[in-house]
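Okay, protein.txt now, which holds compact mmCIF, C-alpha atoms:
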# COMPACT_ATOMS: atom_id res chain seq x y z
CA MET A 635 -9.64 -13.68 13.17
CA LYS A 636 -7.43 -11.78 10.75
CA ALA A 637 -6.19 -8.46 12.11
CA LEU A 638 -4.38 -5.74 10.22
CA ILE A 639 -2.43 -2.93 11.87
CA LEU A 640 -2.02 0.20 9.76
CA ASN A 641 0.92 2.04 11.26
CA GLY A 642 0.65 5.71 10.38
CA ALA A 643 3.94 6.76 12.01
CA LEU A 644 5.70 9.67 10.35
CA LYS A 645 9.18 9.01 8.97
CA GLY A 646 11.73 9.05 11.78
CA ASP A 647 9.19 8.46 14.56
CA LYS A 648 10.69 5.44 16.33
CA SER A 649 8.30 5.54 19.30
CA MET A 650 5.54 3.98 17.24
CA THR A 651 7.61 0.83 16.52
CA THR A 652 7.44 -0.29 20.16
CA ILE A 653 3.72 0.46 20.39
CA ASN A 654 3.10 -1.45 17.14
CA LYS A 655 4.96 -4.48 18.57
CA LEU A 656 2.98 -4.35 21.83
CA ALA A 657 -0.31 -4.15 19.93
CA GLU A 658 0.77 -7.15 17.82
CA GLU A 659 1.61 -9.15 20.97
CA ILE A 660 -1.76 -8.38 22.56
CA LEU A 661 -3.68 -9.35 19.42
CA ILE A 662 -1.70 -12.60 19.07
CA GLU A 663 -2.42 -13.38 22.76
CA GLN A 664 -6.11 -12.93 21.93
CA GLY A 665 -5.71 -15.56 19.20
CA HIS A 666 -5.69 -13.32 16.14
CA GLU A 667 -3.54 -13.66 13.07
CA VAL A 668 -1.77 -10.29 12.76
CA GLU A 669 -0.16 -8.36 9.92
CA SER A 670 1.34 -4.88 10.33
CA ILE A 671 1.93 -2.39 7.54
CA LEU A 672 4.24 0.57 8.05
CA LEU A 673 2.52 2.94 5.67
CA HIS A 674 5.33 5.42 5.02
CA GLU A 675 7.41 2.58 3.55
CA LYS A 676 4.78 1.90 0.89
CA GLU A 677 4.20 3.67 -2.38
CA ILE A 678 0.78 5.24 -1.89
CA GLY A 679 -0.18 8.28 -3.95
CA GLU A 680 -2.57 10.90 -2.67
CA CYS A 681 -6.26 10.69 -3.62
CA ILE A 682 -6.81 13.41 -6.22
CA GLY A 683 -10.58 13.59 -5.81
CA CYS A 684 -11.30 12.50 -9.40
CA PHE A 685 -14.05 9.99 -8.39
CA GLY A 686 -12.75 7.61 -11.08
CA CYS A 687 -13.16 4.82 -8.49
CA TRP A 688 -16.92 5.49 -8.61
CA VAL A 689 -17.60 6.32 -12.27
CA LYS A 690 -14.68 5.04 -14.39
CA SER A 691 -13.57 1.74 -12.81
CA PRO A 692 -16.20 1.20 -10.09
CA GLY A 693 -14.66 -0.10 -6.88
CA ILE A 694 -11.04 0.31 -8.02
CA CYS A 695 -8.93 3.48 -7.69
CA VAL A 696 -7.53 4.75 -10.99
CA ILE A 697 -4.07 5.14 -9.40
CA ASP A 698 -2.26 1.82 -9.83
CA ASP A 699 -0.03 1.61 -6.75
CA TYR A 700 0.02 0.05 -3.27
CA GLY A 701 -3.16 1.98 -2.40
CA ARG A 702 -5.12 -0.56 -4.45
CA ILE A 703 -3.52 -3.54 -2.68
CA LEU A 704 -4.16 -1.91 0.68
CA THR A 705 -7.84 -1.30 -0.07
CA GLU A 706 -8.31 -4.95 -1.06
CA THR A 707 -6.46 -6.07 2.09
CA ILE A 708 -8.61 -3.90 4.36
CA ILE A 709 -11.97 -5.16 3.08
CA ASN A 710 -10.81 -8.77 3.53
CA ARG A 711 -9.77 -8.40 7.19
CA ASP A 712 -11.98 -8.92 10.25
CA ILE A 713 -10.25 -6.29 12.34
CA VAL A 714 -8.27 -3.24 11.28
CA ILE A 715 -6.24 -1.21 13.76
CA TYR A 716 -5.45 2.41 12.90
CA LEU A 717 -2.25 3.29 14.75
CA THR A 718 -1.39 6.97 14.50
CA PRO A 719 0.10 9.90 16.33
CA VAL A 720 -2.67 12.40 17.10
CA VAL A 721 -2.04 15.36 14.80
CA TYR A 722 -4.03 18.47 15.75
CA GLY A 723 -6.80 16.10 16.86
CA GLY A 724 -6.78 14.04 13.66
CA TYR A 725 -4.86 11.20 12.03
CA SER A 726 -1.30 11.55 10.72
CA SER A 727 -0.79 12.43 7.05
CA GLU A 728 0.59 8.92 6.44
CA LEU A 729 -2.52 7.17 7.78
CA LYS A 730 -4.83 9.69 6.15
CA LYS A 731 -3.17 9.25 2.77
CA ALA A 732 -4.00 5.54 2.95
CA LEU A 733 -7.56 6.08 4.20
CA ASP A 734 -8.34 8.70 1.53
CA ARG A 735 -7.64 5.95 -1.01
CA THR A 736 -10.25 3.60 0.46
CA ILE A 737 -13.36 5.41 -0.80
CA PRO A 738 -13.80 2.83 -3.61
CA LEU A 739 -15.12 0.61 -0.79
CA LEU A 740 -18.25 2.78 -0.71
CA LEU A 741 -20.75 3.64 -3.42
CA PRO A 742 -21.24 7.16 -4.75
CA PHE A 743 -24.98 7.00 -4.07
CA PHE A 744 -26.55 8.46 -0.98
CA LYS A 745 -28.89 7.12 1.66
CA LYS A 746 -30.28 8.52 4.87
CA ILE A 747 -29.37 6.86 8.16
CA ASN A 748 -30.90 8.27 11.34
CA GLY A 749 -31.68 11.48 9.50
CA GLU A 750 -28.14 11.98 8.14
CA VAL A 751 -27.04 11.51 4.54
CA HIS A 752 -24.24 8.95 4.01
CA HIS A 753 -22.78 7.11 1.04
CA LYS A 754 -24.28 3.66 0.47
CA GLU A 755 -22.21 0.58 1.23
CA ARG A 756 -20.61 -1.30 -1.70
CA TYR A 757 -19.84 -4.41 0.35
CA LYS A 758 -22.07 -6.45 2.63
CA SER A 759 -19.83 -6.01 5.62
CA TYR A 760 -16.82 -3.99 6.70
CA PRO A 761 -14.06 -4.81 9.20
CA ASN A 762 -14.24 -3.75 12.82
CA VAL A 763 -11.89 -0.82 13.30
CA ILE A 764 -10.01 0.10 16.46
CA VAL A 765 -8.31 3.47 16.39
CA LEU A 766 -5.27 4.02 18.59
CA GLY A 767 -4.18 7.66 18.73
CA ILE A 768 -0.83 8.13 20.41
CA MET A 769 -0.38 11.34 22.40
CA SER A 770 2.93 12.46 23.91
CA HIS A 771 1.22 14.87 26.31
CA GLU A 772 -2.19 15.56 27.80
CA ASP A 773 -4.38 17.72 25.55
CA ASN A 774 -8.11 17.64 26.19
CA GLU A 775 -9.04 19.57 23.06
CA MET A 776 -7.10 17.24 20.75
CA GLU A 777 -8.55 14.22 22.52
CA GLU A 778 -12.08 15.51 22.08
CA ILE A 779 -11.52 16.17 18.35
CA PHE A 780 -9.96 12.73 17.93
CA ASN A 781 -12.93 10.99 19.54
CA SER A 782 -15.37 12.93 17.38
CA LEU A 783 -13.39 11.90 14.28
CA ILE A 784 -13.67 8.23 15.30
CA LYS A 785 -17.42 8.68 15.75
CA ARG A 786 -17.85 10.33 12.33
CA ASN A 787 -15.76 7.62 10.63
CA SER A 788 -17.88 4.96 12.28
CA LEU A 789 -21.11 6.53 11.04
CA ASN A 790 -19.81 6.79 7.49
CA TRP A 791 -18.25 3.32 7.29
CA TYR A 792 -21.05 0.99 8.40
CA ASN A 793 -18.84 -0.58 11.02
CA SER A 794 -18.34 -0.13 14.68
CA PHE A 795 -15.25 1.91 15.30
CA SER A 796 -13.84 1.98 18.78
CA GLY A 797 -10.60 3.03 20.42
CA GLY A 798 -9.35 6.43 21.43
CA THR A 799 -6.17 8.00 22.67
CA ILE A 800 -3.16 6.26 24.25
CA LYS A 801 -0.92 8.41 26.45
CA ASN A 802 2.75 7.80 25.75
CA ILE A 803 3.76 9.66 28.91
CA SER A 804 6.05 8.53 31.73
CA GLY A 805 4.03 6.98 34.52
CA LYS A 806 1.35 5.70 32.12
CA ASP A 807 1.47 2.00 31.30
CA ILE A 808 1.22 1.75 27.52
CA LYS A 809 0.54 -1.99 27.46
CA TYR A 810 -2.31 -1.61 29.94
CA GLN A 811 -3.86 1.20 27.86
CA LEU A 812 -3.50 -0.83 24.66
CA LYS A 813 -5.07 -3.90 26.28
CA GLU A 814 -7.96 -1.78 27.48
CA LYS A 815 -8.65 -0.43 23.98
CA LEU A 816 -8.15 -3.77 22.23
CA ASN A 817 -10.34 -5.61 24.76
CA ILE A 818 -13.31 -3.44 23.84
CA MET A 819 -13.07 -5.00 20.41
CA GLU A 820 -12.72 -8.51 21.83
CA VAL A 821 -15.98 -8.21 23.76
CA ARG A 822 -17.79 -6.70 20.78
CA THR A 823 -16.72 -9.30 18.24
CA CYS A 824 -17.54 -12.32 20.43
CA MET B 897 4.07 50.18 0.66
CA LEU B 898 5.45 49.35 4.06
CA ASN B 899 2.08 48.89 5.72
CA GLU B 900 0.58 46.83 2.92
CA LYS B 901 -1.13 43.77 4.37
CA LYS B 902 -0.74 40.35 2.83
CA ALA B 903 -3.25 37.57 2.28
CA LEU B 904 -2.44 33.98 1.41
CA LEU B 905 -4.95 31.45 0.10
CA LEU B 906 -3.91 27.86 0.63
CA ILE B 907 -6.04 25.54 -1.47
CA GLY B 908 -6.34 22.14 0.20
CA SER B 909 -7.93 20.43 -2.77
CA PRO B 910 -5.64 18.07 -4.69
CA LYS B 911 -7.84 18.75 -7.75
CA LEU B 912 -6.35 20.99 -10.40
CA LYS B 913 -9.62 21.70 -12.21
CA LYS B 914 -13.18 22.42 -11.07
CA SER B 915 -12.24 22.93 -7.45
CA THR B 916 -15.03 24.28 -5.25
CA SER B 917 -12.40 25.01 -2.59
CA GLU B 918 -10.64 27.30 -5.04
CA SER B 919 -13.89 29.05 -6.04
CA LEU B 920 -14.74 29.81 -2.41
CA GLY B 921 -11.21 30.89 -1.56
CA ASN B 922 -10.91 33.03 -4.70
CA TYR B 923 -13.96 35.07 -3.74
CA LEU B 924 -12.33 36.01 -0.44
CA LEU B 925 -8.92 36.59 -1.99
CA GLU B 926 -10.33 38.85 -4.73
CA GLY B 927 -12.27 40.81 -2.08
CA LEU B 928 -9.10 41.30 -0.05
CA CYS B 929 -7.17 42.38 -3.15
CA LYS B 930 -9.81 45.05 -3.78
CA ASN B 931 -9.35 46.17 -0.17
CA GLY B 932 -5.64 46.77 -0.78
CA TYR B 933 -4.15 43.47 0.38
CA ARG B 934 -1.24 41.94 -1.51
CA CYS B 935 -2.60 38.52 -2.41
CA ASN B 936 -1.04 35.17 -3.13
CA LYS B 937 -2.41 31.69 -3.78
CA LEU B 938 -0.84 28.24 -3.35
CA HIS B 939 -2.15 24.80 -4.35
CA ILE B 940 -1.18 22.42 -1.61
CA LEU B 941 -0.22 19.32 -3.61
CA SER B 942 2.06 21.07 -6.12
CA THR B 943 3.57 23.26 -3.40
CA LEU B 944 4.44 20.24 -1.26
CA LYS B 945 5.95 18.42 -4.21
CA ASN B 946 7.88 21.40 -5.62
CA ASP B 947 8.91 23.85 -2.96
CA VAL B 948 8.22 23.52 0.76
CA LYS B 949 10.49 26.50 1.48
CA GLU B 950 8.17 28.67 -0.62
CA LEU B 951 5.27 27.40 1.49
CA PHE B 952 7.05 28.28 4.75
CA TYR B 953 8.09 31.70 3.44
CA ASN B 954 4.57 32.60 2.35
CA ILE B 955 2.94 31.23 5.49
CA ASN B 956 5.31 33.11 7.80
CA ASP B 957 5.01 36.31 5.76
CA THR B 958 1.23 36.61 5.48
CA ASP B 959 -1.11 38.61 7.70
CA ILE B 960 -4.18 36.52 6.95
CA LEU B 961 -4.07 32.85 6.01
CA ILE B 962 -7.17 31.47 4.26
CA ILE B 963 -7.39 27.71 4.07
CA SER B 964 -10.04 26.41 1.72
CA SER B 965 -10.39 22.66 1.50
CA PRO B 966 -12.72 19.82 0.62
CA LEU B 967 -13.73 17.23 3.19
CA TYR B 968 -12.02 13.86 2.67
CA VAL B 969 -13.23 10.97 4.85
CA ASP B 970 -14.49 13.19 7.68
CA SER B 971 -11.29 15.19 7.83
CA LEU B 972 -8.88 17.20 5.68
CA PRO B 973 -7.16 15.68 2.60
CA SER B 974 -3.80 14.09 3.45
CA PRO B 975 -1.63 16.71 1.67
CA LEU B 976 -3.14 19.46 3.82
CA ILE B 977 -2.51 17.43 6.97
CA ARG B 978 1.10 16.95 5.79
CA ALA B 979 1.37 20.70 5.32
CA PHE B 980 0.06 21.26 8.86
CA GLU B 981 2.68 18.83 10.22
CA LEU B 982 5.48 20.61 8.35
CA ILE B 983 4.29 24.15 9.06
CA GLY B 984 3.79 23.34 12.75
CA GLN B 985 7.36 22.07 12.99
CA ASN B 986 8.72 25.03 11.03
CA ARG B 987 6.96 27.56 13.23
CA GLU B 988 8.32 25.93 16.39
CA GLU B 989 11.81 26.55 15.04
CA ARG B 990 11.35 30.08 13.63
CA GLU B 991 12.64 33.27 15.25
CA ASN B 992 10.48 36.14 13.98
CA VAL B 993 6.93 36.30 15.21
CA LYS B 994 4.26 38.62 13.80
CA ASN B 995 0.55 38.81 14.52
CA GLN B 996 -1.19 36.59 12.00
CA SER B 997 -4.78 35.43 11.58
CA MET B 998 -6.37 32.43 9.96
CA ILE B 999 -9.77 31.39 8.67
CA SER B 1000 -10.85 28.11 7.10
CA ILE B 1001 -13.56 27.04 4.70
CA VAL B 1002 -14.37 23.34 4.43
CA ASN B 1003 -16.83 22.09 1.82
CA SER B 1004 -18.16 18.61 1.22
CA GLY B 1005 -20.25 16.58 -1.18
CA PHE B 1006 -22.84 15.82 1.48
CA PRO B 1007 -25.85 18.11 1.43
CA GLU B 1008 -25.55 18.84 5.15
CA SER B 1009 -22.76 21.11 6.32
CA PHE B 1010 -22.25 19.53 9.78
CA HIS B 1011 -20.13 16.73 8.26
CA ASN B 1012 -17.34 19.35 8.06
CA ASP B 1013 -17.33 20.22 11.76
CA THR B 1014 -14.51 17.86 12.80
CA ALA B 1015 -12.26 19.05 9.96
CA LEU B 1016 -12.84 22.65 11.06
CA LYS B 1017 -11.95 21.74 14.64
CA ILE B 1018 -8.66 20.30 13.33
CA CYS B 1019 -8.00 23.60 11.51
CA LYS B 1020 -8.77 25.57 14.67
CA ASN B 1021 -6.46 23.39 16.73
CA PHE B 1022 -3.69 23.87 14.17
CA ALA B 1023 -4.26 27.65 14.23
CA HIS B 1024 -3.88 27.80 18.01
CA LYS B 1025 -0.81 25.60 18.12
CA ALA B 1026 0.89 27.34 15.18
CA ASP B 1027 0.29 30.84 16.64
CA PHE B 1028 -2.42 32.09 14.35
CA GLN B 1029 -5.35 34.07 15.70
CA TRP B 1030 -8.39 31.97 14.76
CA LEU B 1031 -11.02 34.20 13.17
CA GLY B 1032 -13.40 31.32 12.48
CA GLY B 1033 -14.40 28.59 10.08
CA PHE B 1034 -17.06 28.10 7.44
CA ALA B 1035 -18.72 24.71 6.85
CA MET B 1036 -20.45 24.25 3.53
CA GLY B 1037 -22.46 21.31 2.20
CA GLY B 1038 -23.35 20.56 -1.41
CA GLY B 1039 -19.93 21.64 -2.73
CA PRO B 1040 -20.26 19.91 -6.13
CA ALA B 1041 -23.13 22.31 -6.97
CA ILE B 1042 -20.43 25.00 -7.36
CA ASN B 1043 -18.14 22.72 -9.36
CA GLY B 1044 -15.27 25.17 -9.63
CA MET B 1045 -17.39 28.02 -11.03
CA PRO B 1046 -16.83 31.59 -9.80
CA ILE B 1047 -19.25 32.08 -6.90
CA LYS B 1048 -20.51 35.44 -8.12
CA ASP B 1049 -21.56 33.94 -11.48
CA LEU B 1050 -23.91 31.39 -9.94
CA GLY B 1051 -26.75 33.73 -9.07
CA GLY B 1052 -29.48 32.99 -6.53
CA MET B 1053 -28.26 29.58 -5.43
CA THR B 1054 -25.12 31.04 -3.88
CA ARG B 1055 -26.58 34.27 -2.52
CA ASN B 1056 -26.11 33.16 1.11
CA ILE B 1057 -22.52 32.11 0.39
CA VAL B 1058 -21.75 35.51 -1.15
CA LYS B 1059 -23.35 37.30 1.82
CA ALA B 1060 -21.42 35.13 4.29
CA LEU B 1061 -18.09 35.75 2.53
CA ASP B 1062 -18.77 39.51 2.30
CA ILE B 1063 -19.32 39.58 6.07
CA ALA B 1064 -16.08 37.59 6.48
CA LEU B 1065 -14.22 40.19 4.39
CA ASP B 1066 -15.30 42.91 6.84
CA ALA B 1067 -14.30 40.75 9.80
CA ILE B 1068 -10.84 40.08 8.32
CA ALA B 1069 -10.29 43.78 7.59
CA ASN B 1070 -11.02 44.56 11.24
CA ASN B 1071 -9.19 41.46 12.55
CA LYS B 1072 -12.37 40.29 14.27
CA SER B 1073 -14.00 36.88 14.55
CA ILE B 1074 -16.41 35.92 11.81
CA PRO B 1075 -19.93 36.54 13.16
CA LEU B 1076 -22.24 33.59 13.77
CA GLU B 1077 -24.69 35.14 11.32
CA ALA B 1078 -22.17 34.55 8.51
CA THR B 1079 -21.26 30.96 9.47
CA ASN B 1080 -24.97 30.12 9.69
CA MET B 1081 -25.59 31.58 6.22
CA MET B 1082 -22.77 29.49 4.76
CA SER B 1083 -24.09 26.36 6.46
CA SER B 1084 -27.61 26.65 5.09
CA ASN B 1085 -28.56 24.13 2.40
CA LEU B 1086 -28.13 25.30 -1.19
CA ILE B 1087 -31.15 23.24 -2.24
CA PRO B 1088 -33.44 20.83 -0.31
CA THR B 1089 -31.64 17.62 0.73
CA TRP B 1090 -34.03 15.31 -1.16
CA LEU B 1091 -33.48 17.26 -4.38
CA TYR B 1092 -29.72 17.39 -3.91
CA THR B 1093 -29.41 13.61 -3.40
CA LEU B 1094 -31.72 12.96 -6.36
CA ILE B 1095 -29.63 15.15 -8.67
CA ALA B 1096 -26.34 13.77 -7.30
CA ASP B 1097 -27.37 10.11 -7.71
CA LYS B 1098 -28.47 10.78 -11.29
CA GLY B 1099 -25.24 12.67 -11.92
CA TRP B 1100 -23.08 9.68 -10.94
CA LYS B 1101 -24.93 7.50 -13.47
CA THR B 1102 -24.53 10.12 -16.20
CA GLN B 1103 -20.80 10.42 -15.51
CA ALA B 1104 -20.37 6.61 -15.50
CA LYS B 1105 -22.09 6.40 -18.86
CA LYS B 1106 -19.32 8.52 -20.39
CA PHE B 1107 -16.85 5.78 -19.40
CA ASN B 1108 -19.23 2.95 -20.31
CA ALA B 1109 -19.18 1.93 -16.65
CA HIS B 1110 -22.86 2.60 -15.88
CA LYS B 1111 -23.82 -1.09 -15.82
CA ASN B 1112 -21.02 -1.86 -13.42
CA LEU B 1113 -21.52 0.81 -10.78
CA TYR B 1114 -22.26 -1.67 -7.97
CA ALA B 1115 -19.24 -3.91 -8.71
CA LYS B 1116 -17.53 -5.62 -5.78
CA PRO B 1117 -14.07 -6.24 -7.24
CA TYR B 1118 -12.41 -7.21 -3.97
CA ILE B 1119 -14.92 -9.74 -2.71
CA LYS B 1120 -13.48 -13.12 -1.81
CA GLY B 1121 -15.11 -16.48 -2.39
Please lay out the structure from this file as structure tokens.
Amino acid sequence: MKALILNGALKGDKSMTTINKLAEEILIEQGHEVESILLHEKEIGECIGCFGCWVKSPGICVIDDYGRILTETIINRDIVIYLTPVVYGGYSSELKKALDRTIPLLLPFFKKINGEVHHKERYKSYPNVIVLGIMSHEDNEMEEIFNSLIKRNSLNWYNSFSGGTIKNISGKDIKYQLKEKLNIMEVRTC
Amino acid sequence: MLNEKKALLLIGSPKLKKSTSESLGNYLLEGLCKNGYRCNKLHILSTLKNDVKELFYNINDTDILIISSPLYVDSLPSPLIRAFELIGQNREERENVKNQSMISIVNSGFPESFHNDTALKICKNFAHKADFQWLGGFAMGGGPAINGMPIKDLGGMTRNIVKALDIALDAIANNKSIPLEATNMMSSNLIPTWLYTLIADKGWKTQAKKFNAHKNLYAKPYIKG
């Protein structure tokens, strides 16, 4: 399967490079073809909330930059890994900037799923997403928010999101934690 | 005046026109101005691009910080998250500490307000970590119904929003948490869900027609094979 790692490290955060490499190794061991994108190195403008991707050029963002290429790459992958530091319980600004630009993958129209209103899907299927939130210290509140964000994303994106937080703390084996999170996906996609 | 209190509205919407976030925030800011506060307003995207020092100065100088933002993909828009990252770092390094409070309003295009809950939790977490007293957060659904119009001009549809924000103004003046009564009023549906989705779905088609894109709304430009 084709896997894509979206590395949402902030500029100057070297700790994420090692974690990105470990995640790549684990995915390759599982037999996946892996590509990593360090998002802060790419030219991605912020979504300006114009909804041009829904009403002007349906399915394509009006901003012609790497955000368009990224959106096309995401929808054509089997597995997408969101790698991010946990920022106040959410994703980093670098990862979020990229994800805000992916709304052309949905339709503007609404439908009800289990009593909740969501946007309809534009495509037949969406990649499986595994979210890896890196935390440099224990923080139950941030962890709880992060897990609820993963759940909300999953409901809105017609795919099964999994993952959670990874503790980058001395005494905690990062590779073991990564394997644990990435194995959840392996079982699910078999 | 030495004891004059200051209020800062930080608009999290990257939109420059027709921003519901700005309409909601303006109502509070105008109310605070009438109550004697010295008021200031910053748009997040232009502030980040032009002058981050101005952002830090205003954030560290205010007594009440109002953050009004749309919901983007279950969370806050990326420029606001970037601002949180920068402000958090700045406040770790600063020397002077004064008592400051913060409230947030998050609105979304979904008819139900609960979609905003995670984004509000992120705001609350930021407030705690950046040393702001959290006075509370408002979640509002059906944001496009306001479409950047002044809240007080919209009549009956926004009566609960006006009531909720008036209660918030009292709470801010007394540095107290926003009562549950007010957050519940803000969270109530503007119009029934079925009617909202009907109007919204029709609205997308009407907008697409202006760009001659109405026959292509379901396009799948990135499909392979």
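If you count all atoms listed in the file and ignore residues fewer than 6 places along the chain from Leu717 (chain A), what sits within 7 Å of it is Ile639, Leu640, Asn641, Gly642, Val765, Leu766 and Gly767 of chain A.
Closest approach to His939 (chain B) among B:His1011, B:Asp957, B:Ile962, B:Leu905 is made by B:Leu905 (distances from all atoms listed in the file).
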Requested in this report: Mind checking which residues fall within 8 Å of region 974-981 of chain B, counting all atoms listed in the file, ignoring those fewer than 3 positions away in the same chain, and posting them as a PyMOL selection string?
Outcome: (chain A and resi 680+721+726-728+730-731+734) or (chain B and resi 908+910+940-941+944+984-985+1022)
For region 996-1004 of chain B, work out the shell of residues within 7 Å, counting all atoms listed in the file and skipping chain neighbours fewer than 6 positions away, then give it as a compact mmCIF listing (two decimals) with C-alpha atoms, in the coordinates of the input.
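Dumped everything to part35.txt:
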# COMPACT_ATOMS: atom_id res chain seq x y z
CA SER B 917 -12.40 25.01 -2.59
CA THR B 958 1.23 36.61 5.48
CA ASP B 959 -1.11 38.61 7.70
CA ILE B 960 -4.18 36.52 6.95
CA LEU B 961 -4.07 32.85 6.01
CA ILE B 962 -7.17 31.47 4.26
CA ILE B 963 -7.39 27.71 4.07
CA SER B 964 -10.04 26.41 1.72
CA SER B 965 -10.39 22.66 1.50
CA PRO B 966 -12.72 19.82 0.62
CA LEU B 967 -13.73 17.23 3.19
CA ASN B 1012 -17.34 19.35 8.06
CA LEU B 1016 -12.84 22.65 11.06
CA CYS B 1019 -8.00 23.60 11.51
CA ALA B 1023 -4.26 27.65 14.23
CA PHE B 1028 -2.42 32.09 14.35
CA GLN B 1029 -5.35 34.07 15.70
CA TRP B 1030 -8.39 31.97 14.76
CA LEU B 1031 -11.02 34.20 13.17
CA GLY B 1032 -13.40 31.32 12.48
CA GLY B 1033 -14.40 28.59 10.08
CA PHE B 1034 -17.06 28.10 7.44
CA ALA B 1035 -18.72 24.71 6.85
CA MET B 1036 -20.45 24.25 3.53
CA GLY B 1037 -22.46 21.31 2.20
CA GLY B 1038 -23.35 20.56 -1.41
CA GLY B 1039 -19.93 21.64 -2.73
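Coordinates place CA of Lys913 (chain B) at a distance of 10.1 Å from CA of Met1045 (chain B).
Proximity of A:Ile671, A:Leu661, A:Ile800, A:Ile694 to Ala732 (chain A), computed with only C-alpha atoms, is greatest for A:Ile671.
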Met1053 (chain B) surroundings by only C-alpha atoms, 9 Å radius, close-in-sequence under 4 positions cut, as an mmCIF file with C-alpha atoms, in the frame of the given file:
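Dumped to selection-v7.cif:
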data_model
loop_
_atom_site.group_PDB
_atom_site.id
_atom_site.type_symbol
_atom_site.label_atom_id
_atom_site.label_comp_id
_atom_site.auth_asym_id
_atom_site.auth_seq_id
_atom_site.Cartn_x
_atom_site.Cartn_y
_atom_site.Cartn_z
ATOM 1 C CA ILE B 1057 -22.520 32.110 0.390
ATOM 2 C CA LEU B 1086 -28.130 25.300 -1.190
ATOM 3 C CA ILE B 1087 -31.150 23.240 -2.240
#
>> I need every residue sitting at most 9 Å from the point (-15.2, -5.4, 11.9) (coordinates as in the file, all atoms listed in the file considered), written as a list in words.
In response: Arg711, Asp712, Ile713, Val714, Ser759, Tyr760, Pro761, Asn762, Val763, Ile764, Asn793, Ser794, Phe795, Met819 and Thr823 of chain A
### Task
Give as a PyMOL selection string every residue of chain B that touches chain A within 9 Å, counting all atoms listed in the file.
chain B and resi 909-912+941+968-981+1006-1008+1011+1014-1015+1017-1022+1025+1089+1093-1094+1096-1098+1100-1110+1112-1120
One decimal place gives the CA of Leu982 (chain B)-CA of Ile768 (chain A) separation as 18.5 Å
Close residues, Phe952 (chain B) itself excluded, 9 Å, only C-alpha atoms, min 6 positions apart in chain, as JSON, numbers by chain:
{"B": [982, 983, 986, 987]}
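CA of Glu1077 (chain B) lies 9.8 Å from CA of Lys1059 (chain B).
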Can you sort out the box for region 748-763 of chain A, edges along x, y and z, all listed atoms in, 3 Å on every side, with centre and edge lengths in Å to one decimal, as JSON?
{"center_x": -21.8, "center_y": 2.8, "center_z": 5.8, "size_x": 25.8, "size_y": 24.4, "size_z": 21.0}
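The closest residue to Gln664 (chain A), picked from A:Gly805, A:Glu777, A:Asn817, A:Tyr716 and counting only C-alpha atoms, is A:Asn817.
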In terms of only C-alpha atoms, the residue from B:Val948, B:Tyr923, B:Glu991, B:His1024 at minimal distance from Val1058 (chain B) is B:Tyr923
*Taking (-12.1, 37.6, 6.1) in the file's own coordinates, collect the residues within 9 Å, counting all atoms listed in the file, and hand them back as an NGL selection string.*
:B and (924-925 or 927-928 or 960 or 962 or 998-999 or 1031 or 1061-1074)
